file final-v4.cif (mmCIF, C-alpha atoms and all ligand atoms)
data_my_file
#
loop_
_atom_site.group_PDB
_atom_site.id
_atom_site.type_symbol
_atom_site.label_atom_id
_atom_site.label_comp_id
_atom_site.auth_asym_id
_atom_site.auth_seq_id
_atom_site.Cartn_x
_atom_site.Cartn_y
_atom_site.Cartn_z
ATOM 1 C CA MET A 22 69.984 47.608 76.537
ATOM 2 C CA GLN A 23 67.861 49.794 78.811
ATOM 3 C CA ARG A 24 69.546 48.222 81.843
ATOM 4 C CA ILE A 25 72.996 49.020 80.407
ATOM 5 C CA LEU A 26 71.931 52.634 79.832
ATOM 6 C CA ILE A 27 70.683 52.970 83.422
ATOM 7 C CA LEU A 28 73.935 51.420 84.705
ATOM 8 C CA LEU A 29 75.996 53.814 82.574
ATOM 9 C CA SER A 30 74.094 56.871 83.820
ATOM 10 C CA VAL A 31 74.528 55.720 87.465
ATOM 11 C CA ILE A 32 78.296 55.347 86.895
ATOM 12 C CA LEU A 33 78.426 58.798 85.259
ATOM 13 C CA LEU A 34 76.454 60.343 88.146
ATOM 14 C CA LEU A 35 78.720 58.755 90.778
ATOM 15 C CA SER A 36 81.876 59.897 89.048
ATOM 16 C CA SER A 37 80.683 63.453 88.382
ATOM 17 C CA PRO A 38 82.457 66.258 90.320
ATOM 18 C CA ALA A 39 79.273 67.049 92.287
ATOM 19 C CA CYS A 40 79.626 63.707 94.095
ATOM 20 C CA ALA A 41 83.368 63.939 94.789
ATOM 21 C CA ALA A 42 84.118 64.668 98.446
ATOM 22 C CA VAL A 43 85.732 68.029 99.235
ATOM 23 C CA LYS A 44 89.331 67.315 100.220
ATOM 24 C CA VAL A 45 90.019 69.161 103.468
ATOM 25 C CA VAL A 46 93.468 69.354 105.026
ATOM 26 C CA ALA A 47 93.327 70.518 108.656
ATOM 27 C CA THR A 48 96.391 71.321 110.719
ATOM 28 C CA LEU A 49 95.178 70.607 114.279
ATOM 29 C CA PRO A 50 92.952 67.800 115.588
ATOM 30 C CA TRP A 51 90.126 70.143 116.711
ATOM 31 C CA ILE A 52 89.995 71.724 113.234
ATOM 32 C CA GLY A 53 89.826 68.322 111.540
ATOM 33 C CA SER A 54 87.137 67.226 113.977
ATOM 34 C CA LEU A 55 85.052 70.360 113.340
ATOM 35 C CA ALA A 56 85.447 69.915 109.564
ATOM 36 C CA LYS A 57 84.057 66.367 109.887
ATOM 37 C CA GLU A 58 81.194 67.665 112.007
ATOM 38 C CA ILE A 59 80.228 70.390 109.515
ATOM 39 C CA GLY A 60 81.168 68.485 106.349
ATOM 40 C CA GLY A 61 79.865 65.030 107.282
ATOM 41 C CA ASP A 62 80.170 62.498 104.466
ATOM 42 C CA LYS A 63 80.653 65.261 101.876
ATOM 43 C CA VAL A 64 84.251 65.912 102.973
ATOM 44 C CA ASP A 65 87.404 63.856 103.149
ATOM 45 C CA VAL A 66 89.509 65.210 106.036
ATOM 46 C CA THR A 67 93.250 64.765 106.555
ATOM 47 C CA THR A 68 94.630 66.093 109.859
ATOM 48 C CA LEU A 69 98.340 66.902 109.921
ATOM 49 C CA VAL A 70 99.168 67.227 113.615
ATOM 50 C CA LYS A 71 98.724 64.425 116.166
ATOM 51 C CA VAL A 72 97.319 65.151 119.604
ATOM 52 C CA SER A 73 100.551 63.865 121.171
ATOM 53 C CA GLN A 74 102.580 66.599 119.434
ATOM 54 C CA ASP A 75 103.317 70.096 120.725
ATOM 55 C CA PRO A 76 101.356 72.294 118.272
ATOM 56 C CA HIS A 77 104.016 75.043 118.546
ATOM 57 C CA SER A 78 106.886 72.919 117.247
ATOM 58 C CA ILE A 79 105.742 70.859 114.267
ATOM 59 C CA GLU A 80 108.031 70.180 111.323
ATOM 60 C CA ALA A 81 106.915 69.900 107.691
ATOM 61 C CA LYS A 82 107.089 66.314 106.368
ATOM 62 C CA PRO A 83 106.790 64.998 102.776
ATOM 63 C CA SER A 84 103.478 63.270 103.622
ATOM 64 C CA MET A 85 102.092 66.627 104.809
ATOM 65 C CA ILE A 86 103.205 68.310 101.562
ATOM 66 C CA ALA A 87 101.561 65.541 99.510
ATOM 67 C CA ALA A 88 98.260 65.960 101.379
ATOM 68 C CA THR A 89 98.394 69.757 101.020
ATOM 69 C CA ARG A 90 99.029 69.407 97.273
ATOM 70 C CA ARG A 91 95.752 67.503 96.859
ATOM 71 C CA ALA A 92 93.690 69.762 99.143
ATOM 72 C CA ASP A 93 90.618 71.685 98.028
ATOM 73 C CA ILE A 94 90.649 73.592 101.332
ATOM 74 C CA LEU A 95 93.424 74.062 103.855
ATOM 75 C CA MET A 96 92.024 74.820 107.321
ATOM 76 C CA TYR A 97 94.373 76.135 109.973
ATOM 77 C CA ASN A 98 94.507 77.807 113.382
ATOM 78 C CA GLY A 99 96.310 81.003 112.356
ATOM 79 C CA LEU A 100 97.764 83.700 114.677
ATOM 80 C CA ASP A 101 101.096 82.235 113.535
ATOM 81 C CA LEU A 102 100.715 79.037 115.584
ATOM 82 C CA GLU A 103 101.686 77.081 112.428
ATOM 83 C CA ILE A 104 104.470 79.489 111.398
ATOM 84 C CA GLY A 105 107.108 76.729 111.704
ATOM 85 C CA TYR A 106 105.634 74.489 108.983
ATOM 86 C CA LEU A 107 102.649 75.985 107.154
ATOM 87 C CA PRO A 108 104.595 78.412 104.928
ATOM 88 C CA ILE A 109 106.850 75.489 103.863
ATOM 89 C CA LEU A 110 103.823 73.295 103.098
ATOM 90 C CA MET A 111 102.128 76.022 101.071
ATOM 91 C CA GLU A 112 105.206 76.777 99.048
ATOM 92 C CA SER A 113 106.119 73.136 98.405
ATOM 93 C CA ALA A 114 102.557 72.029 97.609
ATOM 94 C CA ARG A 115 102.280 74.367 94.585
ATOM 95 C CA ASN A 116 98.488 74.330 94.934
ATOM 96 C CA PRO A 117 97.359 77.943 94.310
ATOM 97 C CA VAL A 118 93.799 77.359 95.573
ATOM 98 C CA ILE A 119 95.056 77.114 99.188
ATOM 99 C CA ASN A 120 97.131 80.300 99.096
ATOM 100 C CA PRO A 121 96.046 83.241 101.311
ATOM 101 C CA GLY A 122 93.216 85.199 99.742
ATOM 102 C CA ASN A 123 91.980 82.210 97.719
ATOM 103 C CA PRO A 124 88.818 80.210 98.530
ATOM 104 C CA GLY A 125 90.801 77.151 99.628
ATOM 105 C CA ASN A 126 92.545 79.033 102.413
ATOM 106 C CA PHE A 127 90.498 78.912 105.621
ATOM 107 C CA ASN A 128 92.145 80.661 108.553
ATOM 108 C CA CYS A 129 89.990 79.870 111.609
ATOM 109 C CA SER A 130 91.442 82.807 113.561
ATOM 110 C CA ALA A 131 89.811 85.226 111.113
ATOM 111 C CA TYR A 132 86.505 84.429 112.875
ATOM 112 C CA VAL A 133 87.632 84.964 116.467
ATOM 113 C CA THR A 134 88.382 87.867 118.762
ATOM 114 C CA ALA A 135 91.978 87.253 119.792
ATOM 115 C CA LEU A 136 93.223 87.873 123.329
ATOM 116 C CA GLU A 137 96.686 89.117 124.349
ATOM 117 C CA ILE A 138 97.421 90.907 121.075
ATOM 118 C CA PRO A 139 100.870 92.486 121.599
ATOM 119 C CA THR A 140 100.922 96.246 121.949
ATOM 120 C CA SER A 141 104.376 96.528 120.407
ATOM 121 C CA THR A 142 106.186 94.875 117.522
ATOM 122 C CA GLY A 143 108.771 93.406 119.943
ATOM 123 C CA ARG A 144 108.650 89.870 121.304
ATOM 124 C CA GLU A 145 106.750 90.731 124.474
ATOM 125 C CA ASN A 146 104.739 87.491 124.118
ATOM 126 C CA GLY A 147 107.831 85.356 123.506
ATOM 127 C CA ASP A 148 108.368 83.592 120.202
ATOM 128 C CA VAL A 149 105.316 81.363 119.990
ATOM 129 C CA HIS A 150 102.403 83.825 120.371
ATOM 130 C CA PRO A 151 103.597 86.765 118.216
ATOM 131 C CA LEU A 152 100.100 87.830 117.069
ATOM 132 C CA GLY A 153 98.182 87.144 120.276
ATOM 133 C CA ASN A 154 97.049 84.038 122.143
ATOM 134 C CA PRO A 155 96.316 81.335 119.529
ATOM 135 C CA HIS A 156 94.566 78.820 121.855
ATOM 136 C CA TYR A 157 91.034 80.107 121.249
ATOM 137 C CA HIS A 158 89.534 76.665 120.549
ATOM 138 C CA LEU A 159 88.574 76.225 124.209
ATOM 139 C CA SER A 160 86.166 79.156 123.766
ATOM 140 C CA PRO A 161 82.547 78.163 122.998
ATOM 141 C CA ALA A 162 81.776 81.680 121.695
ATOM 142 C CA ASN A 163 84.624 81.506 119.195
ATOM 143 C CA MET A 164 83.859 77.950 118.117
ATOM 144 C CA LYS A 165 80.325 78.949 117.123
ATOM 145 C CA LYS A 166 81.673 81.690 114.841
ATOM 146 C CA ILE A 167 84.263 79.369 113.288
ATOM 147 C CA ALA A 168 81.616 76.684 112.662
ATOM 148 C CA VAL A 169 79.386 79.154 110.805
ATOM 149 C CA GLY A 170 82.339 80.460 108.768
ATOM 150 C CA MET A 171 83.418 76.918 107.940
ATOM 151 C CA GLY A 172 79.903 75.990 106.826
ATOM 152 C CA GLU A 173 79.798 78.977 104.472
ATOM 153 C CA ARG A 174 83.244 78.206 103.057
ATOM 154 C CA LEU A 175 82.462 74.540 102.426
ATOM 155 C CA GLY A 176 79.276 75.689 100.683
ATOM 156 C CA LYS A 177 81.368 77.840 98.340
ATOM 157 C CA ALA A 178 83.673 74.918 97.514
ATOM 158 C CA ASP A 179 80.718 72.583 97.002
ATOM 159 C CA PRO A 180 77.618 74.707 96.181
ATOM 160 C CA VAL A 181 75.409 71.643 95.585
ATOM 161 C CA HIS A 182 75.600 70.853 99.311
ATOM 162 C CA ALA A 183 75.701 74.429 100.653
ATOM 163 C CA GLY A 184 72.435 73.899 102.560
ATOM 164 C CA PHE A 185 73.786 70.716 104.132
ATOM 165 C CA TYR A 186 76.905 72.488 105.466
ATOM 166 C CA ARG A 187 74.923 75.506 106.680
ATOM 167 C CA GLY A 188 72.467 73.206 108.466
ATOM 168 C CA ASN A 189 75.281 71.309 110.207
ATOM 169 C CA ALA A 190 76.920 74.579 111.314
ATOM 170 C CA ALA A 191 73.592 75.812 112.721
ATOM 171 C CA ARG A 192 73.115 72.494 114.544
ATOM 172 C CA PHE A 193 76.635 72.772 115.995
ATOM 173 C CA SER A 194 75.860 76.299 117.267
ATOM 174 C CA THR A 195 72.615 75.183 118.867
ATOM 175 C CA GLN A 196 74.398 72.317 120.575
ATOM 176 C CA VAL A 197 77.049 74.742 121.904
ATOM 177 C CA ASP A 198 74.265 76.904 123.400
ATOM 178 C CA ARG A 199 72.639 73.853 124.971
ATOM 179 C CA LYS A 200 75.930 72.561 126.418
ATOM 180 C CA MET A 201 76.859 76.057 127.604
ATOM 181 C CA LYS A 202 73.944 75.972 130.068
ATOM 182 C CA GLU A 203 75.387 72.771 131.504
ATOM 183 C CA TRP A 204 79.001 74.052 131.509
ATOM 184 C CA GLN A 205 78.055 77.346 133.150
ATOM 185 C CA GLY A 206 76.808 75.325 136.107
ATOM 186 C CA SER A 207 80.377 74.050 136.644
ATOM 187 C CA ARG A 208 82.244 75.059 139.781
ATOM 188 C CA LEU A 209 84.975 77.052 138.025
ATOM 189 C CA LYS A 210 83.889 80.599 138.887
ATOM 190 C CA GLY A 211 86.348 82.389 141.137
ATOM 191 C CA LYS A 212 88.926 79.577 141.073
ATOM 192 C CA GLN A 213 92.598 80.465 140.741
ATOM 193 C CA PHE A 214 95.126 78.396 138.853
ATOM 194 C CA VAL A 215 98.772 78.536 137.886
ATOM 195 C CA SER A 216 99.436 77.350 134.344
ATOM 196 C CA GLN A 217 102.500 76.028 132.596
ATOM 197 C CA HIS A 218 101.657 77.803 129.328
ATOM 198 C CA ARG A 219 99.211 80.523 128.278
ATOM 199 C CA PHE A 220 96.698 77.933 127.116
ATOM 200 C CA PHE A 221 93.544 78.572 129.155
ATOM 201 C CA GLU A 222 92.975 82.331 128.849
ATOM 202 C CA TYR A 223 89.873 82.091 126.628
ATOM 203 C CA LEU A 224 88.375 79.468 128.887
ATOM 204 C CA ALA A 225 89.154 81.566 131.984
ATOM 205 C CA ALA A 226 87.530 84.637 130.412
ATOM 206 C CA GLU A 227 84.333 82.760 129.504
ATOM 207 C CA PHE A 228 84.064 80.646 132.657
ATOM 208 C CA GLY A 229 85.047 83.232 135.296
ATOM 209 C CA PHE A 230 88.226 81.755 136.755
ATOM 210 C CA SER A 231 91.697 83.268 136.739
ATOM 211 C CA ILE A 232 95.256 82.259 135.948
ATOM 212 C CA VAL A 233 97.391 83.916 138.612
ATOM 213 C CA GLY A 234 100.823 82.781 137.423
ATOM 214 C CA TYR A 235 102.733 80.917 134.732
ATOM 215 C CA LEU A 236 105.554 78.408 134.859
ATOM 216 C CA GLU A 237 106.836 79.798 131.573
ATOM 217 C CA ASP A 238 108.119 83.337 131.994
ATOM 218 C CA LYS A 239 107.066 84.008 128.390
ATOM 219 C CA PRO A 240 105.111 81.584 126.148
ATOM 220 C CA GLY A 241 107.400 78.903 124.755
ATOM 221 C CA ILE A 242 110.367 79.914 126.939
ATOM 222 C CA PRO A 243 111.308 77.205 129.481
ATOM 223 C CA PRO A 244 111.029 78.414 133.086
ATOM 224 C CA GLY A 245 114.231 79.971 134.497
ATOM 225 C CA SER A 246 115.172 79.345 138.140
ATOM 226 C CA ALA A 247 114.725 82.967 139.351
ATOM 227 C CA HIS A 248 111.235 83.063 137.821
ATOM 228 C CA VAL A 249 110.331 79.696 139.368
ATOM 229 C CA GLN A 250 111.541 80.798 142.816
ATOM 230 C CA SER A 251 109.409 83.953 142.757
ATOM 231 C CA LEU A 252 106.428 81.956 141.429
ATOM 232 C CA ILE A 253 106.804 79.486 144.315
ATOM 233 C CA ALA A 254 106.964 82.334 146.858
ATOM 234 C CA GLY A 255 103.784 83.853 145.392
ATOM 235 C CA MET A 256 101.974 80.510 145.318
ATOM 236 C CA VAL A 257 102.743 79.756 148.966
ATOM 237 C CA LYS A 258 100.859 82.958 149.896
ATOM 238 C CA GLN A 259 98.142 82.773 147.246
ATOM 239 C CA LYS A 260 97.387 79.023 147.450
ATOM 240 C CA PRO A 261 95.959 78.516 143.914
ATOM 241 C CA HIS A 262 93.741 75.472 143.338
ATOM 242 C CA ALA A 263 96.082 73.646 140.947
ATOM 243 C CA ILE A 264 98.925 73.854 138.441
ATOM 244 C CA LEU A 265 97.611 73.228 134.910
ATOM 245 C CA SER A 266 99.641 71.602 132.177
ATOM 246 C CA THR A 267 98.929 69.533 129.090
ATOM 247 C CA SER A 268 100.139 66.083 128.049
ATOM 248 C CA TYR A 269 102.657 67.361 125.472
ATOM 249 C CA HIS A 270 104.429 69.533 128.075
ATOM 250 C CA ASP A 271 107.502 68.505 130.003
ATOM 251 C CA GLN A 272 105.927 67.697 133.386
ATOM 252 C CA LYS A 273 109.127 68.201 135.425
ATOM 253 C CA PRO A 274 108.757 71.965 136.142
ATOM 254 C CA ALA A 275 105.117 71.509 137.235
ATOM 255 C CA ARG A 276 106.059 68.581 139.490
ATOM 256 C CA PHE A 277 108.941 70.559 141.006
ATOM 257 C CA VAL A 278 106.728 73.566 141.808
ATOM 258 C CA SER A 279 104.066 71.211 143.156
ATOM 259 C CA SER A 280 106.593 69.547 145.477
ATOM 260 C CA LYS A 281 107.666 72.950 146.841
ATOM 261 C CA THR A 282 104.167 74.399 147.308
ATOM 262 C CA GLY A 283 101.873 71.443 147.963
ATOM 263 C CA VAL A 284 99.650 72.665 145.078
ATOM 264 C CA ARG A 285 98.672 69.660 142.972
ATOM 265 C CA THR A 286 99.222 69.401 139.222
ATOM 266 C CA VAL A 287 96.429 68.678 136.748
ATOM 267 C CA THR A 288 97.042 67.521 133.166
ATOM 268 C CA VAL A 289 94.257 69.115 131.141
ATOM 269 C CA PRO A 290 93.224 67.624 127.753
ATOM 270 C CA HIS A 291 94.279 70.239 125.218
ATOM 271 C CA ASP A 292 92.873 69.070 121.872
ATOM 272 C CA VAL A 293 90.456 66.536 120.412
ATOM 273 C CA GLY A 294 91.878 63.060 121.067
ATOM 274 C CA ALA A 295 93.366 63.945 124.485
ATOM 275 C CA GLY A 296 91.644 62.484 127.543
ATOM 276 C CA GLY A 297 89.787 60.026 125.281
ATOM 277 C CA SER A 298 87.818 62.860 123.620
ATOM 278 C CA ARG A 299 86.362 62.071 120.201
ATOM 279 C CA ASP A 300 85.029 65.523 119.308
ATOM 280 C CA TRP A 301 85.125 69.105 120.555
ATOM 281 C CA PHE A 302 82.123 68.728 122.912
ATOM 282 C CA TRP A 303 83.725 65.686 124.462
ATOM 283 C CA LEU A 304 86.988 67.635 124.810
ATOM 284 C CA MET A 305 85.219 70.529 126.552
ATOM 285 C CA ASP A 306 83.453 68.123 128.936
ATOM 286 C CA ALA A 307 86.848 66.571 129.752
ATOM 287 C CA VAL A 308 88.563 69.972 130.177
ATOM 288 C CA ILE A 309 85.885 71.271 132.535
ATOM 289 C CA ALA A 310 85.785 68.009 134.522
ATOM 290 C CA SER A 311 89.568 68.118 134.980
ATOM 291 C CA LEU A 312 89.470 71.761 136.165
ATOM 292 C CA GLU A 313 86.643 71.053 138.596
HETATM 293 ZN ZN ZN B 1 100.843 78.544 122.884
#
call {"tool": "encode", "arguments": {"input": "final-v4.cif", "output": "structure tokens"}}
result
Amino acid sequence: MQRILILLSVILLLSSPACAAVKVVATLPWIGSLAKEIGGDKVDVTTLVKVSQDPHSIEAKPSMIAATRRADILMYNGLDLEIGYLPILMESARNPVINPGNPGNFNCSAYVTALEIPTSTGRENGDVHPLGNPHYHLSPANMKKIAVGMGERLGKADPVHAGFYRGNAARFSTQVDRKMKEWQGSRLKGKQFVSQHRFFEYLAAEFGFSIVGYLEDKPGIPPGSAHVQSLIAGMVKQKPHAILSTSYHDQKPARFVSSKTGVRTVTVPHDVGAGGSRDWFWLMDAVIASLE
């Protein structure tokens, strides 16, 4: 009898809400990876976007709606990078906890200082960066702030383990500081690159290199021939170190410019999973190695 009672209380304990994992839905691979790092075995993470996909042009799918419907927290990049699918997911999921302003809505960009915020309401940044440059995840300074914010938010969703999440966020920050010493020794300072897309601005600002030209005239707009010709003329004089693109980009424009200028192209890992990276630190190591 006593054994049955013990067994029953163990079953009750295991099935109580305090032991249920927090269901996190993350849009991009780096967000899902960070959620796993901060949440450990207390979270169950579903990531919507694959590393092979262009994060600017994702379409909402029924499987994504189903995952969003079950989510306790929706974590996303923000700065309108997910404008093409996130509003559809939120509306179709009918899960009020993940709506803006509610505790299950975690906008990572709320924790960062955005670059390239437009000075007018026009489309000066093209169509894909309307609120500023959304590719802040290659910035160690920003990632530390997001990790701390994520730890606090997970602690609100699951107060029993608040200390666990806060501890993991603090450990992540310390590891960023430790790795930063190593990364700052990289030979990126003063280098000049041409980039296909405005993807490396945060990295350039924190690591002291510059992007002197872009294949895209405006973010998300395919390069026109007049723009490419003037870029080539500038590159012949300036001799930048390389042309940077990412694996989801059409490589033809970069290869064409490379063939006309002799400047080599480098495909830079852009998110967790690219270049064999299994987490954000791995990604940063791979990004810096490819730029060096
Ligand atoms: Zn972009």
call {"tool": "residues_near_ligand", "arguments": {"input": "final-v4.cif", "ligand": "ligand ZN 1 (chain B)", "cutoff": "12 Å", "atoms": "all atoms listed in the file", "output": "PyMOL selection string"}}
result
chain A and resi 75-78+98-103+137+146-158+216-222+237+239-242+266-267+269-270+291
call {"tool": "write_last_selection", "arguments": {"input": "final-v4.cif", "atoms": "C-alpha atoms", "output": "short mmCIF file (atom, residue, chain, number, x, y, z; two decimals), in the frame of the given file"}}
result
data_model
loop_
_atom_site.label_atom_id
_atom_site.label_comp_id
_atom_site.auth_asym_id
_atom_site.auth_seq_id
_atom_site.Cartn_x
_atom_site.Cartn_y
_atom_site.Cartn_z
CA ASP A 75 103.32 70.10 120.72
CA PRO A 76 101.36 72.29 118.27
CA HIS A 77 104.02 75.04 118.55
CA SER A 78 106.89 72.92 117.25
CA ASN A 98 94.51 77.81 113.38
CA GLY A 99 96.31 81.00 112.36
CA LEU A 100 97.76 83.70 114.68
CA ASP A 101 101.10 82.24 113.54
CA LEU A 102 100.72 79.04 115.58
CA GLU A 103 101.69 77.08 112.43
CA GLU A 137 96.69 89.12 124.35
CA ASN A 146 104.74 87.49 124.12
CA GLY A 147 107.83 85.36 123.51
CA ASP A 148 108.37 83.59 120.20
CA VAL A 149 105.32 81.36 119.99
CA HIS A 150 102.40 83.82 120.37
CA PRO A 151 103.60 86.76 118.22
CA LEU A 152 100.10 87.83 117.07
CA GLY A 153 98.18 87.14 120.28
CA ASN A 154 97.05 84.04 122.14
CA PRO A 155 96.32 81.33 119.53
CA HIS A 156 94.57 78.82 121.86
CA TYR A 157 91.03 80.11 121.25
CA HIS A 158 89.53 76.67 120.55
CA SER A 216 99.44 77.35 134.34
CA GLN A 217 102.50 76.03 132.60
CA HIS A 218 101.66 77.80 129.33
CA ARG A 219 99.21 80.52 128.28
CA PHE A 220 96.70 77.93 127.12
CA PHE A 221 93.54 78.57 129.16
CA GLU A 222 92.98 82.33 128.85
CA GLU A 237 106.84 79.80 131.57
CA LYS A 239 107.07 84.01 128.39
CA PRO A 240 105.11 81.58 126.15
CA GLY A 241 107.40 78.90 124.76
CA ILE A 242 110.37 79.91 126.94
CA SER A 266 99.64 71.60 132.18
CA THR A 267 98.93 69.53 129.09
CA TYR A 269 102.66 67.36 125.47
CA HIS A 270 104.43 69.53 128.07
CA HIS A 291 94.28 70.24 125.22
#
call {"tool": "atom_distance", "arguments": {"input": "final-v4.cif", "atom1": "atom CA of A:Lys71", "atom2": "atom CA of A:Leu136"}}
result
25.1 Å
call {"tool": "resolve_selection", "arguments": {"input": "final-v4.cif", "expression": "the PyMOL selection byres (((chain A and resi 185-201) around 6) and not hetatm)", "output": "list in words"}}
result
Ile59, Gly60, Lys165, Ala168, Val169, Gly172, His182, Ala183, Gly184, Lys202, Glu203, Trp204 and Gln205 of chain A
call {"tool": "closest_residue", "arguments": {"input": "final-v4.cif", "among": "A:Phe302, A:Ala56, A:Thr134, A:Lys260", "to": "A:Glu173", "atoms": "all atoms listed in the file"}}
result
A:Ala56
call {"tool": "resolve_selection", "arguments": {"input": "final-v4.cif", "expression": "the PyMOL selection byres (((chain A and resi 51) around 7) and not hetatm)", "output": "VMD selection string"}}
result
chain A and resid 49 to 50 52 to 55 292 to 293 301
call {"tool": "closest_residue", "arguments": {"input": "final-v4.cif", "among": "A:Leu175, A:Leu95, A:Met256, A:Ile232", "to": "A:Pro121", "atoms": "all atoms listed in the file"}}
result
A:Leu95
call {"tool": "closest_residue", "arguments": {"input": "final-v4.cif", "among": "A:Ile253, A:Ala263, A:Ala310, A:Val215", "to": "A:Thr282", "atoms": "all atoms listed in the file"}}
result
A:Ile253
call {"tool": "resolve_selection", "arguments": {"input": "final-v4.cif", "expression": "the PyMOL selection byres (((chain A and resi 45-48) around 6) and not hetatm)", "output": "ChimeraX atom specification"}}
result
/A:44,49,52-53,65-70,92,94-97
call {"tool": "residues_near_point", "arguments": {"input": "final-v4.cif", "point": "(86.3, 84.8, 118.4)", "cutoff": "7 Å", "atoms": "all atoms listed in the file", "output": "list in words"}}
result
Tyr132, Val133, Thr134, Ala135, Ala162, Asn163 and Lys166 of chain A
call {"tool": "closest_atom_pairs", "arguments": {"input": "final-v4.cif", "of": "stretch 107-134 of chain A", "to": "stretch 79-87 of chain A", "cutoff": "9 Å", "atoms": "all atoms listed in the file", "output": "CSV"}}
result
residue,atom,partner,partner_atom,distance
A:Leu107,CA,A:Ala81,CA,7.5
A:Ile109,CA,A:Ala81,CA,6.8
A:Leu110,CA,A:Ile86,CA,5.3
A:Met111,CA,A:Ile86,CA,7.8
A:Ser113,CA,A:Ile86,CA,6.5
A:Ala114,CA,A:Ile86,CA,5.5
call {"tool": "atom_distance", "arguments": {"input": "final-v4.cif", "atom1": "atom CA of A:His262", "atom2": "atom CA of A:Leu312"}}
result
9.1 Å
call {"tool": "atom_distance", "arguments": {"input": "final-v4.cif", "atom1": "atom CA of A:Gly234", "atom2": "atom CA of A:Ile264"}}
result
9.2 Å
call {"tool": "axis_aligned_box", "arguments": {"input": "final-v4.cif", "around": "stretch 117-132 of chain A", "padding_each_side": "8 Å", "output": "AutoDock Vina command-line options"}}
result
--center_x 91.9 --center_y 81.2 --center_z 103.9 --size_x 26.9 --size_y 24.1 --size_z 35.3
call {"tool": "closest_residue", "arguments": {"input": "final-v4.cif", "among": "A:Gly255, A:Pro108, A:Ala225, A:Thr140", "to": "A:Asn120", "atoms": "all atoms listed in the file"}}
result
A:Pro108
call {"tool": "closest_residue", "arguments": {"input": "final-v4.cif", "among": "A:Glu313, A:Asn116, A:Gly245, A:Ala254", "to": "A:Gly206", "atoms": "only C-alpha atoms"}}
result
A:Glu313
call {"tool": "residues_around", "arguments": {"input": "final-v4.cif", "residues": "A:Ser311", "least_positions_apart": "5", "cutoff": "9 Å", "atoms": "all atoms listed in the file", "output": "MDAnalysis selection string"}}
result
chainID A and resid 287:290 306
call {"tool": "write_last_selection", "arguments": {"input": "final-v4.cif", "atoms": "C-alpha atoms", "output": "tab-separated table (two decimals), in the coordinates of the input"}}
result
chain	number	residue	atom	x	y	z
A	287	VAL	CA	96.43	68.68	136.75
A	288	THR	CA	97.04	67.52	133.17
A	289	VAL	CA	94.26	69.11	131.14
A	290	PRO	CA	93.22	67.62	127.75
A	306	ASP	CA	83.45	68.12	128.94
call {"tool": "residues_around", "arguments": {"input": "final-v4.cif", "residues": "A:Ser231", "least_positions_apart": "4", "cutoff": "8 Å", "atoms": "all atoms listed in the file", "output": "ChimeraX atom specification"}}
result
/A:211-214,225-226
call {"tool": "closest_residue", "arguments": {"input": "final-v4.cif", "among": "A:Ala275, A:Asp93, A:Lys177, A:Leu159", "to": "A:Ala307", "atoms": "all atoms listed in the file"}}
result
A:Leu159
